[in-house]
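Trainee: Let me give you the structure first, and then I'll get to my questions.
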There are 6 protein chains.
Amino acid sequence: MTMRYQAGTTGVVVQNIERADQTVIDGLAECGVATVHEAQGRRGLLADYMTPIYSGARVAGSAVTILSPPCDNWMIHVAIEQLQAGDIMVLGTFTPSNAGYFGDLLATSAMTRGCRGLIIDGGVRDVRDLTEMGFPVWSKAVHAQGTIKETLGSVNVPVVCAEALINPGDVVVADDDGVCVVRREDAADVLEKARAREANEADKRARFEAGELGLDIYDMRDRLAEKGLKYV
Amino acid sequence: MTMRYQAGTTGVVVQNIERADQTVIDGLAECGVATVHEAQGRRGLLADYMTPIYSGARVAGSAVTILSPPCDNWMIHVAIEQLQAGDIMVLGTFTPSNAGYFGDLLATSAMTRGCRGLIIDGGVRDVRDLTEMGFPVWSKAVHAQGTIKETLGSVNVPVVCAEALINPGDVVVADDDGVCVVRREDAADVLEKARAREANEADKRARFEAGELGLDIYDMRDRLAEKGLKYV
Amino acid sequence: MTMRYQAGTTGVVVQNIERADQTVIDGLAECGVATVHEAQGRRGLLADYMTPIYSGARVAGSAVTILSPPCDNWMIHVAIEQLQAGDIMVLGTFTPSNAGYFGDLLATSAMTRGCRGLIIDGGVRDVRDLTEMGFPVWSKAVHAQGTIKETLGSVNVPVVCAEALINPGDVVVADDDGVCVVRREDAADVLEKARAREANEADKRARFEAGELGLDIYDMRDRLAEKGLKYV
Amino acid sequence: MTMRYQAGTTGVVVQNIERADQTVIDGLAECGVATVHEAQGRRGLLADYMTPIYSGARVAGSAVTILSPPCDNWMIHVAIEQLQAGDIMVLGTFTPSNAGYFGDLLATSAMTRGCRGLIIDGGVRDVRDLTEMGFPVWSKAVHAQGTIKETLGSVNVPVVCAEALINPGDVVVADDDGVCVVRREDAADVLEKARAREANEADKRARFEAGELGLDIYDMRDRLAEKGLKYV
Amino acid sequence: MTMRYQAGTTGVVVQNIERADQTVIDGLAECGVATVHEAQGRRGLLADYMTPIYSGARVAGSAVTILSPPCDNWMIHVAIEQLQAGDIMVLGTFTPSNAGYFGDLLATSAMTRGCRGLIIDGGVRDVRDLTEMGFPVWSKAVHAQGTIKETLGSVNVPVVCAEALINPGDVVVADDDGVCVVRREDAADVLEKARAREANEADKRARFEAGELGLDIYDMRDRLAEKGLKYV
Amino acid sequence: MTMRYQAGTTGVVVQNIERADQTVIDGLAECGVATVHEAQGRRGLLADYMTPIYSGARVAGSAVTILSPPCDNWMIHVAIEQLQAGDIMVLGTFTPSNAGYFGDLLATSAMTRGCRGLIIDGGVRDVRDLTEMGFPVWSKAVHAQGTIKETLGSVNVPVVCAEALINPGDVVVADDDGVCVVRREDAADVLEKARAREANEADKRARFEAGELGLDIYDMRDRLAEKGLKYV
């Protein structure tokens, strides 16, 4: 693979990024974070401190990445111009800050472009308005603290967000379980595996509902005995 | 009292544990965590980082304890076979991990056995499904991160969960205020005290509602003056 | 300005405090935390670890301040007698504690006096009851752990609560974005600025909804170019 | 008492502040944080996350207070001009940041003015150099992250630093146990009490060294028995 | 095994506890925490937030356990009377607190009885003095905050300290890597295994020093290949 | 730039990686973290929770990257075979764990290959031995907790370590201020800028030592006045 810019490059806006197929993206949203994460070999989860501002949202989209200085949200304005319908903004910072980089006006702007949500390794505010607008955000903090517009970052270079590397155009899946990134070039393959996993889980669920035990469904008894488990 | 196994013993599944009387357990659930905790002399609370995956649940049950290695949920499968109606699973680990040990399939299995919930000093996933299923979980984290099945722990030995010691068969009470453990042999006595406390609180509430002050209800004014409190 | 007592003074209850005009206070509640915080120059926010026990509340009130020893809620009883309709209790401690200082009985008492809520740099309990009663609390923790009544603190001296200094009679505004304090003597001026800001935001929102970009609304393009931002 | 400016006021440098008597300040340094804190009734401690960059320093000085925007150290330059021999800089921020506001060049400058140290509710860098220079710093973090010089704060207005309110000219005492603030006007009185406490402790220490127990030295046995303590 | 009291029992001082053989205890100290922890099957570690107040100490001793209310150090005075030469005090609390429960006077008293150190799930103060006295402490916090003497706890009942259960008379081993508990009745057996482990490690160290790789010493290459590891 | 593998790829050992010039690497070590970080435009710092196990070390080396499953240190053995003199191991994990992945035996092995240190987003143990051996480690935790050898990760693929992306062959600089990564291809250029910065700082230091103020050295007075700073 070839990347046009290093993670952490500042002062650049990459205008043309490749995106995964929209039906693949939508399929990944249906599968949800836990299934997608398993399907791609347990990679790609963001840190568990990322929480949704309201429960029940489940989305996927192409990452438009934003690299921001601490306490400075200038680059979000720059990023919104690059959004296409179906995108999700993903913001990482040079250094941690819980300031409130994003609120209802920026959400209004992003929604006019079809943006599906925001993943931000920092703070968000106006959460009551965002909830009413149905604009989902996964963040590290909720804080009203304002930000400034003084220093350049970048748009659409690779960023580290909540301990995961995210490239522009990667698929980001988010729900109540957290956030997971799927490499753009792997998205179709991961969807296929996630669908297979879902089918398998449906079968398993039926057996569990019928009262079968995991010990039997997964044939664990012999291996447990070998390891020396004693029933007393 | 006599314990059959030390806290931290691995490789053992204790199949027969004593449980408290079910009507006592149900009574403790009605009283809730704050009242039960007070009634037994302010003991038994789990750490305040334990939070419910959804609001409003209030349950009590007999603890089926699970000791798990970090990032390994094998013992949950073993534990489910030991569940009886009215039980609550309580999982402690050798060393902290926020991985997602438990999801909707395991919940399906546990519910077929009448399990009332899970208290886990670790992570949980599929929280949207668990919420829809009405299976309450109190956990340290929500994270989609998967776990492995490689190393033995134990079932029904004493475990430390969220900084509290829990013996198999102890009564666990959980609601929006957190989680509290009541020793099995103390359960009936604690219920009685909790009921008395509730009666007393109902009386106090009526007086508070009528506008009386705690200063007068609890006769605090003299003691405050003795300590030197000055009104200016 | 003149303060009658230093922050941290113990053993004193100040009975007469000045309050801001109630219509000003109510106006600040309508504006909400994020707007008020901006309007007064980004000052006065409490730490971002303060979270509401339920979503959707938005209140403002005159601070009746409480300085409490750790794990000791005696002063809350003293404070309730000082409450007037429209007040909010604000509790800071000598040293951090997550114990549950406040529950449904104290809320019952406070509500008879017209108290609008509690801001507490510590723990709260009975959150299910408080939610049903519609008594909003912003706290550092939810914990059932009880407190004692042994040591004096003060009522209506300046306190540090969640990293912010709050004087008795200051206006406290709280919603899902957190908590913000406005100096009593600045309240009317801040409200005026907040109203102006709201008017301006309504105008901006209309332009954003029409698809205009922040880059253009705020004339950012030249300055970004000067700073060296490159589009590629 | 009368304060010239509210905590949180920005854009102001107060040039003339009152300081406590230098022999009192030096006496407080000799007593150390734990003794001073007790002597003034257990008030004034900064949060326990404040740690020294090296062990063994014990200092006291008059607070030159600095209110800084997040990630912006401009006001430190302004503050250094206000330093007199025997002062300690105390920096609070509008909103938390662990960026490295202070390093060896600023320490060089501060030392030429006789500054005795820095208390910073943020980050510090060049700690190896600072250690070699013998310039003690108590901070929330060590981080090399640079700061900018864009936004005004203030010098010598009251600040909240590590959860404590500090007025310009207050006496700050710091050692391996943390940091404690003494109000300027109370300093002489607190020193007297601290000296008395030291004398008392010397006497107690001799008795402890001779093998007497606290149970007897402090006459605790009866009160323990009254409370119901049972020896078995 | 039989325990005389439940973990969490209050109001009791158990005067006669069994202790492990002193030569076994001293042997465990020589092995250190990492080796002892491995030798007993990776059980018994206290939480990683426990840190020594100074580097380089390595001790072991019989646990005299202390159960304390939050911010109340009364029971330490009671416990000191129960100390024998070779003991280590282990303090757990009902609910977390970082207050400074212990300082140089108590250390003076404990040292006259031959106490080897303190493990405290809370705060400690006077750390400069304690360091000079050579009295090692492992704690969750260093804080000068004083405690009161109002509420009973217990001495020599089982306690949860830093997420581990510790019975009176258990052997506690502590060094720069943290703290580990060994059940009294397992101590001799664990020492034997730890010695064997040390012998084995000495042999391994010689091979590593000679440049052999773990891949070969532990015969890992085939299993890595089986799992699918690719060298490219 | 072209990367052979995505961050997060498992099951791969890349045997030939490019390294920066050794004299450049050594030069960066001399400059230290704070200077290097500034010289490259304030990029590349790892999170501030990374702390050295002992003070005073200052090293730089070529990153041999290790991607590890949680609580599993198998890949460190694989990585050691890939080490060359002057390298530094950099370990990131799939999901956070504070277990002790690394101790004195692995350090012995790494030192025979000329390895200069370890940067690990997890735990380390045997820190007393590592300190005596002079093998510096920057880690998130010190914990004796052992790890297993069950699951593949990778060696020499890009990893996220402590919130920063690190490619194999990048230069890692570490000292008491933390850890900073410099892209391999930028190393010479960054060194040049760092040297220039040092020269400039030496000049500045002389002026500061002579008593000049930053206000004058950096010509700040006019801009402060423009912003509205008032001296009172």
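Residues are named by chain letter and number: chains run A, B, ... in the order of the structure tokens, numbers start at 1 in each chain, and ligands are numbered from 1 in the order shown.
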For a quick test of understanding: name the residues of chain E lying within 10 Å of chain C when counting only C-alpha atoms, and present them as a list in words.
Mentor: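 Selected residues: Pro69, Pro70, Cys71, Phe94, Thr95, Pro96, Ser97, Asn98, Ala99, His143, Gln145, Gly146, Thr147, Ile148, Glu150 and Thr151 of chain E.
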Trainee: Generate a file of the selected residues that holds C-alpha atoms, formatted as a PDB file, in the first residue's frame.
Mentor:
ATOM      1  CA  PRO E  69     -13.309   3.389  57.816  1.00  0.00           C
ATOM      2  CA  PRO E  70     -12.587   6.069  55.205  1.00  0.00           C
ATOM      3  CA  CYS E  71     -10.395   8.933  56.442  1.00  0.00           C
ATOM      4  CA  PHE E  94     -14.481   0.223  53.680  1.00  0.00           C
ATOM      5  CA  THR E  95     -14.502   2.727  50.863  1.00  0.00           C
ATOM      6  CA  PRO E  96     -11.634   4.353  48.987  1.00  0.00           C
ATOM      7  CA  SER E  97      -9.798   7.340  50.424  1.00  0.00           C
ATOM      8  CA  ASN E  98      -6.437   8.861  49.626  1.00  0.00           C
ATOM      9  CA  ALA E  99      -6.122  10.649  52.963  1.00  0.00           C
ATOM     10  CA  HIS E 143      -1.123  13.044  50.725  1.00  0.00           C
ATOM     11  CA  GLN E 145      -4.507  15.162  54.475  1.00  0.00           C
ATOM     12  CA  GLY E 146      -5.162  14.215  58.110  1.00  0.00           C
ATOM     13  CA  THR E 147      -7.579  11.554  59.331  1.00  0.00           C
ATOM     14  CA  ILE E 148      -9.935  11.317  62.292  1.00  0.00           C
ATOM     15  CA  GLU E 150     -14.222   8.238  65.317  1.00  0.00           C
ATOM     16  CA  THR E 151     -15.363   4.920  63.941  1.00  0.00           C
TER      17      THR E 151
END
Trainee: If we count only C-alpha atoms and set the cut-off at 6 Å, which residues sit around segment 199-208 of chain B, ignoring sequence neighbours fewer than 4 positions away in its own chain? Please answer as a CSV table (one decimal) with C-alpha atoms, in the first residue's frame.
Mentor:
chain,number,residue,atom,x,y,z
B,212,GLU,CA,-39.5,19.8,58.9
C,105,LEU,CA,-34.6,12.2,51.9
C,109,SER,CA,-36.4,18.3,52.2
Trainee: Can you pull out every residue from segment 75-219 of chain C that DSSP, working from the backbone, puts in alpha helix (DSSP H), and format the result as a PyMOL selection string?
Mentor: chain C and resi 75-80+104-112+127-133+187-209+214-217
Trainee: After superposing chain F onto chain D (least squares, all C-alpha atoms, pairing by order), export the transformed chain as an mmCIF file with C-alpha atoms, in the first residue's frame.
Mentor:
data_model
loop_
_atom_site.group_PDB
_atom_site.id
_atom_site.type_symbol
_atom_site.label_atom_id
_atom_site.label_comp_id
_atom_site.auth_asym_id
_atom_site.auth_seq_id
_atom_site.Cartn_x
_atom_site.Cartn_y
_atom_site.Cartn_z
ATOM 1 C CA MET F 1 -10.763 40.926 53.622
ATOM 2 C CA THR F 2 -10.763 42.727 50.319
ATOM 3 C CA MET F 3 -9.629 41.257 47.039
ATOM 4 C CA ARG F 4 -8.888 43.525 44.155
ATOM 5 C CA TYR F 5 -9.857 41.005 41.510
ATOM 6 C CA GLN F 6 -12.098 38.003 41.212
ATOM 7 C CA ALA F 7 -10.634 34.590 40.641
ATOM 8 C CA GLY F 8 -10.621 34.029 36.924
ATOM 9 C CA THR F 9 -10.242 37.655 35.836
ATOM 10 C CA THR F 10 -8.217 37.834 32.639
ATOM 11 C CA GLY F 11 -6.073 40.512 31.078
ATOM 12 C CA VAL F 12 -4.687 41.943 34.300
ATOM 13 C CA VAL F 13 -1.249 42.076 35.904
ATOM 14 C CA VAL F 14 -1.318 43.180 39.517
ATOM 15 C CA GLN F 15 2.109 44.610 40.206
ATOM 16 C CA ASN F 16 2.016 45.284 43.908
ATOM 17 C CA ILE F 17 0.993 42.476 46.135
ATOM 18 C CA GLU F 18 1.465 42.136 49.858
ATOM 19 C CA ARG F 19 3.682 39.365 51.079
ATOM 20 C CA ALA F 20 4.011 37.680 54.458
ATOM 21 C CA ASP F 21 7.058 38.232 56.603
ATOM 22 C CA GLN F 22 10.026 36.355 55.192
ATOM 23 C CA THR F 23 11.033 34.830 58.530
ATOM 24 C CA VAL F 24 7.519 33.497 58.912
ATOM 25 C CA ILE F 25 7.674 32.002 55.433
ATOM 26 C CA ASP F 26 11.019 30.376 56.167
ATOM 27 C CA GLY F 27 9.657 29.009 59.400
ATOM 28 C CA LEU F 28 6.757 27.411 57.589
ATOM 29 C CA ALA F 29 9.186 25.767 55.154
ATOM 30 C CA GLU F 30 11.004 24.208 58.084
ATOM 31 C CA CYS F 31 7.780 22.791 59.488
ATOM 32 C CA GLY F 32 6.808 21.138 56.225
ATOM 33 C CA VAL F 33 3.490 20.451 54.589
ATOM 34 C CA ALA F 34 2.013 17.835 56.921
ATOM 35 C CA THR F 35 2.615 19.905 60.050
ATOM 36 C CA VAL F 36 1.454 23.190 58.517
ATOM 37 C CA HIS F 37 -1.680 21.548 57.186
ATOM 38 C CA GLU F 38 -2.551 20.175 60.612
ATOM 39 C CA ALA F 39 -1.667 23.430 62.350
ATOM 40 C CA GLN F 40 -4.180 25.396 60.337
ATOM 41 C CA GLY F 41 -7.021 22.965 60.890
ATOM 42 C CA ARG F 42 -6.503 20.657 57.927
ATOM 43 C CA ARG F 43 -7.211 23.227 55.273
ATOM 44 C CA GLY F 44 -5.316 24.341 52.215
ATOM 45 C CA LEU F 45 -3.945 21.128 50.691
ATOM 46 C CA LEU F 46 -3.651 20.946 46.948
ATOM 47 C CA ALA F 47 -4.831 17.779 45.165
ATOM 48 C CA ASP F 48 -2.749 14.653 45.663
ATOM 49 C CA TYR F 49 -1.943 14.398 41.966
ATOM 50 C CA MET F 50 0.651 17.154 42.450
ATOM 51 C CA THR F 51 4.065 15.529 42.629
ATOM 52 C CA PRO F 52 7.599 16.913 42.849
ATOM 53 C CA ILE F 53 9.919 16.359 39.887
ATOM 54 C CA TYR F 54 12.622 15.251 42.356
ATOM 55 C CA SER F 55 12.559 14.065 45.964
ATOM 56 C CA GLY F 56 13.759 15.930 49.004
ATOM 57 C CA ALA F 57 12.949 19.552 48.246
ATOM 58 C CA ARG F 58 11.128 21.488 50.973
ATOM 59 C CA VAL F 59 10.343 25.131 50.214
ATOM 60 C CA ALA F 60 7.977 27.944 51.070
ATOM 61 C CA GLY F 61 7.409 31.258 49.353
ATOM 62 C CA SER F 62 4.976 34.010 48.526
ATOM 63 C CA ALA F 63 2.637 33.047 45.712
ATOM 64 C CA VAL F 64 2.923 34.975 42.479
ATOM 65 C CA THR F 65 -0.160 33.586 40.815
ATOM 66 C CA ILE F 66 -0.544 32.930 37.114
ATOM 67 C CA LEU F 67 -3.808 32.240 35.317
ATOM 68 C CA SER F 68 -3.138 30.603 31.959
ATOM 69 C CA PRO F 69 -5.251 29.516 29.022
ATOM 70 C CA PRO F 70 -4.870 25.843 28.133
ATOM 71 C CA CYS F 71 -1.633 24.997 26.296
ATOM 72 C CA ASP F 72 -0.485 28.632 26.437
ATOM 73 C CA ASN F 73 2.436 29.759 28.604
ATOM 74 C CA TRP F 74 2.598 33.401 27.648
ATOM 75 C CA MET F 75 1.651 34.602 31.104
ATOM 76 C CA ILE F 76 4.663 32.925 32.680
ATOM 77 C CA HIS F 77 6.899 35.390 30.876
ATOM 78 C CA VAL F 78 4.752 38.209 32.204
ATOM 79 C CA ALA F 79 4.845 36.782 35.713
ATOM 80 C CA ILE F 80 8.604 36.480 35.916
ATOM 81 C CA GLU F 81 8.948 40.250 35.788
ATOM 82 C CA GLN F 82 6.800 40.435 38.927
ATOM 83 C CA LEU F 83 8.938 38.021 40.944
ATOM 84 C CA GLN F 84 10.846 39.005 44.051
ATOM 85 C CA ALA F 85 13.366 36.940 45.940
ATOM 86 C CA GLY F 86 11.523 34.331 47.979
ATOM 87 C CA ASP F 87 8.542 34.005 45.658
ATOM 88 C CA ILE F 88 7.039 30.844 44.269
ATOM 89 C CA MET F 89 5.088 30.824 41.010
ATOM 90 C CA VAL F 90 1.659 29.186 41.174
ATOM 91 C CA LEU F 91 -0.035 28.439 37.871
ATOM 92 C CA GLY F 92 -3.673 27.516 37.367
ATOM 93 C CA THR F 93 -5.389 27.100 34.018
ATOM 94 C CA PHE F 94 -8.840 27.872 32.598
ATOM 95 C CA THR F 95 -9.208 24.255 31.601
ATOM 96 C CA PRO F 96 -6.992 21.259 32.254
ATOM 97 C CA SER F 97 -3.946 20.605 30.103
ATOM 98 C CA ASN F 98 -0.893 18.464 30.676
ATOM 99 C CA ALA F 99 1.212 20.310 28.095
ATOM 100 C CA GLY F 100 4.722 21.302 29.155
ATOM 101 C CA TYR F 101 4.345 24.986 30.058
ATOM 102 C CA PHE F 102 7.738 25.380 31.711
ATOM 103 C CA GLY F 103 11.317 24.309 31.071
ATOM 104 C CA ASP F 104 14.919 25.165 31.781
ATOM 105 C CA LEU F 105 15.057 28.583 30.084
ATOM 106 C CA LEU F 106 12.159 29.941 32.089
ATOM 107 C CA ALA F 107 13.681 28.430 35.215
ATOM 108 C CA THR F 108 16.962 30.190 34.465
ATOM 109 C CA SER F 109 15.090 33.455 34.209
ATOM 110 C CA ALA F 110 13.066 32.870 37.375
ATOM 111 C CA MET F 111 16.170 31.947 39.360
ATOM 112 C CA THR F 112 17.879 35.217 38.532
ATOM 113 C CA ARG F 113 15.025 36.846 40.433
ATOM 114 C CA GLY F 114 15.334 34.597 43.456
ATOM 115 C CA CYS F 115 12.304 32.478 42.682
ATOM 116 C CA ARG F 116 12.169 29.343 44.826
ATOM 117 C CA GLY F 117 10.036 27.055 42.720
ATOM 118 C CA LEU F 118 6.924 26.460 40.667
ATOM 119 C CA ILE F 119 3.574 24.886 41.498
ATOM 120 C CA ILE F 120 1.795 24.121 38.235
ATOM 121 C CA ASP F 121 -1.584 22.512 37.576
ATOM 122 C CA GLY F 122 -0.285 21.272 34.239
ATOM 123 C CA GLY F 123 2.868 19.834 32.721
ATOM 124 C CA VAL F 124 6.559 20.654 32.924
ATOM 125 C CA ARG F 125 9.528 19.606 30.771
ATOM 126 C CA ASP F 126 13.322 19.596 30.825
ATOM 127 C CA VAL F 127 13.064 17.886 34.200
ATOM 128 C CA ARG F 128 16.612 16.559 34.046
ATOM 129 C CA ASP F 129 17.930 20.105 33.635
ATOM 130 C CA LEU F 130 15.605 21.474 36.297
ATOM 131 C CA THR F 131 16.822 18.792 38.690
ATOM 132 C CA GLU F 132 20.446 19.657 38.012
ATOM 133 C CA MET F 133 19.676 23.345 38.485
ATOM 134 C CA GLY F 134 17.960 22.595 41.790
ATOM 135 C CA PHE F 135 14.771 24.331 40.743
ATOM 136 C CA PRO F 136 11.905 22.411 42.357
ATOM 137 C CA VAL F 137 8.610 21.982 40.555
ATOM 138 C CA TRP F 138 5.390 20.351 41.712
ATOM 139 C CA SER F 139 3.231 19.452 38.729
ATOM 140 C CA LYS F 140 0.380 17.316 37.449
ATOM 141 C CA ALA F 141 2.406 15.898 34.592
ATOM 142 C CA VAL F 142 5.785 15.745 32.924
ATOM 143 C CA HIS F 143 5.367 16.207 29.211
ATOM 144 C CA ALA F 144 7.551 17.641 26.471
ATOM 145 C CA GLN F 145 4.523 18.992 24.584
ATOM 146 C CA GLY F 146 5.098 22.665 23.715
ATOM 147 C CA THR F 147 2.714 25.522 24.354
ATOM 148 C CA ILE F 148 1.760 28.638 22.397
ATOM 149 C CA LYS F 149 1.645 32.357 23.209
ATOM 150 C CA GLU F 150 -1.671 33.602 21.871
ATOM 151 C CA THR F 151 -4.198 34.342 24.566
ATOM 152 C CA LEU F 152 -4.130 36.546 27.662
ATOM 153 C CA GLY F 153 -4.549 35.267 31.169
ATOM 154 C CA SER F 154 -3.572 37.204 34.283
ATOM 155 C CA VAL F 155 -0.858 37.557 36.873
ATOM 156 C CA ASN F 156 -1.574 38.010 40.565
ATOM 157 C CA VAL F 157 -5.303 37.419 40.576
ATOM 158 C CA PRO F 158 -6.693 34.581 42.708
ATOM 159 C CA VAL F 159 -6.379 31.219 40.945
ATOM 160 C CA VAL F 160 -7.624 27.710 41.521
ATOM 161 C CA CYS F 161 -4.612 25.425 41.311
ATOM 162 C CA ALA F 162 -4.995 21.686 41.845
ATOM 163 C CA GLU F 163 -8.403 22.187 43.492
ATOM 164 C CA ALA F 164 -7.249 24.866 45.957
ATOM 165 C CA LEU F 165 -7.808 28.622 45.830
ATOM 166 C CA ILE F 166 -4.592 30.584 46.008
ATOM 167 C CA ASN F 167 -4.436 34.349 46.359
ATOM 168 C CA PRO F 168 -1.396 36.362 45.329
ATOM 169 C CA GLY F 169 0.825 36.761 48.372
ATOM 170 C CA ASP F 170 -0.483 33.654 50.115
ATOM 171 C CA VAL F 171 2.276 31.448 51.469
ATOM 172 C CA VAL F 172 2.783 28.193 49.611
ATOM 173 C CA VAL F 173 4.612 25.356 51.348
ATOM 174 C CA ALA F 174 5.751 22.319 49.350
ATOM 175 C CA ASP F 175 7.679 19.139 50.011
ATOM 176 C CA ASP F 176 7.516 15.417 49.256
ATOM 177 C CA ASP F 177 4.071 15.206 50.902
ATOM 178 C CA GLY F 178 2.534 17.695 48.465
ATOM 179 C CA VAL F 179 1.625 21.365 48.551
ATOM 180 C CA CYS F 180 -0.285 23.461 51.085
ATOM 181 C CA VAL F 181 -1.420 27.080 50.953
ATOM 182 C CA VAL F 182 -1.577 29.368 53.994
ATOM 183 C CA ARG F 183 -3.470 32.641 53.764
ATOM 184 C CA ARG F 184 -1.007 35.534 54.009
ATOM 185 C CA GLU F 185 -2.843 37.091 56.923
ATOM 186 C CA ASP F 186 -2.848 33.818 58.841
ATOM 187 C CA ALA F 187 0.793 32.931 58.223
ATOM 188 C CA ALA F 188 2.260 34.125 61.510
ATOM 189 C CA ASP F 189 -0.498 32.508 63.518
ATOM 190 C CA VAL F 190 -0.183 29.234 61.628
ATOM 191 C CA LEU F 191 3.576 29.238 62.168
ATOM 192 C CA GLU F 192 3.083 29.612 65.887
ATOM 193 C CA LYS F 193 0.673 26.699 65.953
ATOM 194 C CA ALA F 194 2.960 24.625 63.753
ATOM 195 C CA ARG F 195 5.884 25.265 66.099
ATOM 196 C CA ALA F 196 3.762 24.225 69.053
ATOM 197 C CA ARG F 197 2.750 21.137 67.191
ATOM 198 C CA GLU F 198 6.369 20.309 66.450
ATOM 199 C CA ALA F 199 7.289 20.652 70.094
ATOM 200 C CA ASN F 200 4.431 18.411 71.034
ATOM 201 C CA GLU F 201 5.418 15.914 68.378
ATOM 202 C CA ALA F 202 9.002 15.811 69.620
ATOM 203 C CA ASP F 203 7.695 14.892 73.044
ATOM 204 C CA LYS F 204 5.378 12.294 71.566
ATOM 205 C CA ARG F 205 8.160 10.876 69.443
ATOM 206 C CA ALA F 206 10.304 10.336 72.508
ATOM 207 C CA ARG F 207 7.494 8.419 74.166
ATOM 208 C CA PHE F 208 6.853 6.343 71.047
ATOM 209 C CA GLU F 209 10.561 5.596 70.771
ATOM 210 C CA ALA F 210 10.487 4.416 74.363
ATOM 211 C CA GLY F 211 7.855 1.876 73.354
ATOM 212 C CA GLU F 212 4.718 3.551 74.666
ATOM 213 C CA LEU F 213 1.650 2.962 72.553
ATOM 214 C CA GLY F 214 -0.621 5.560 70.973
ATOM 215 C CA LEU F 215 -3.448 3.757 72.760
ATOM 216 C CA ASP F 216 -1.961 4.977 76.043
ATOM 217 C CA ILE F 217 -0.347 8.236 74.978
ATOM 218 C CA TYR F 218 -3.666 9.436 73.590
ATOM 219 C CA ASP F 219 -5.848 7.670 76.197
ATOM 220 C CA MET F 220 -7.825 5.763 73.618
ATOM 221 C CA ARG F 221 -8.672 2.554 75.434
ATOM 222 C CA ASP F 222 -11.792 3.707 77.215
ATOM 223 C CA ARG F 223 -13.320 5.328 74.200
ATOM 224 C CA LEU F 224 -12.628 2.265 72.069
ATOM 225 C CA ALA F 225 -14.331 0.090 74.643
ATOM 226 C CA GLU F 226 -17.302 2.450 74.764
ATOM 227 C CA LYS F 227 -17.644 2.189 71.017
ATOM 228 C CA GLY F 228 -17.757 -1.567 71.476
ATOM 229 C CA LEU F 229 -14.364 -2.795 70.301
ATOM 230 C CA LYS F 230 -13.904 -6.419 71.301
ATOM 231 C CA TYR F 231 -10.583 -8.156 71.830
ATOM 232 C CA VAL F 232 -10.829 -11.873 71.083
#
Trainee: Residues of segment 56-153 of chain D in strand (DSSP E or B) according to DSSP, as a ChimeraX atom specification?
Mentor: /D:59-68,72,87-93,100,117-124,137-142,148
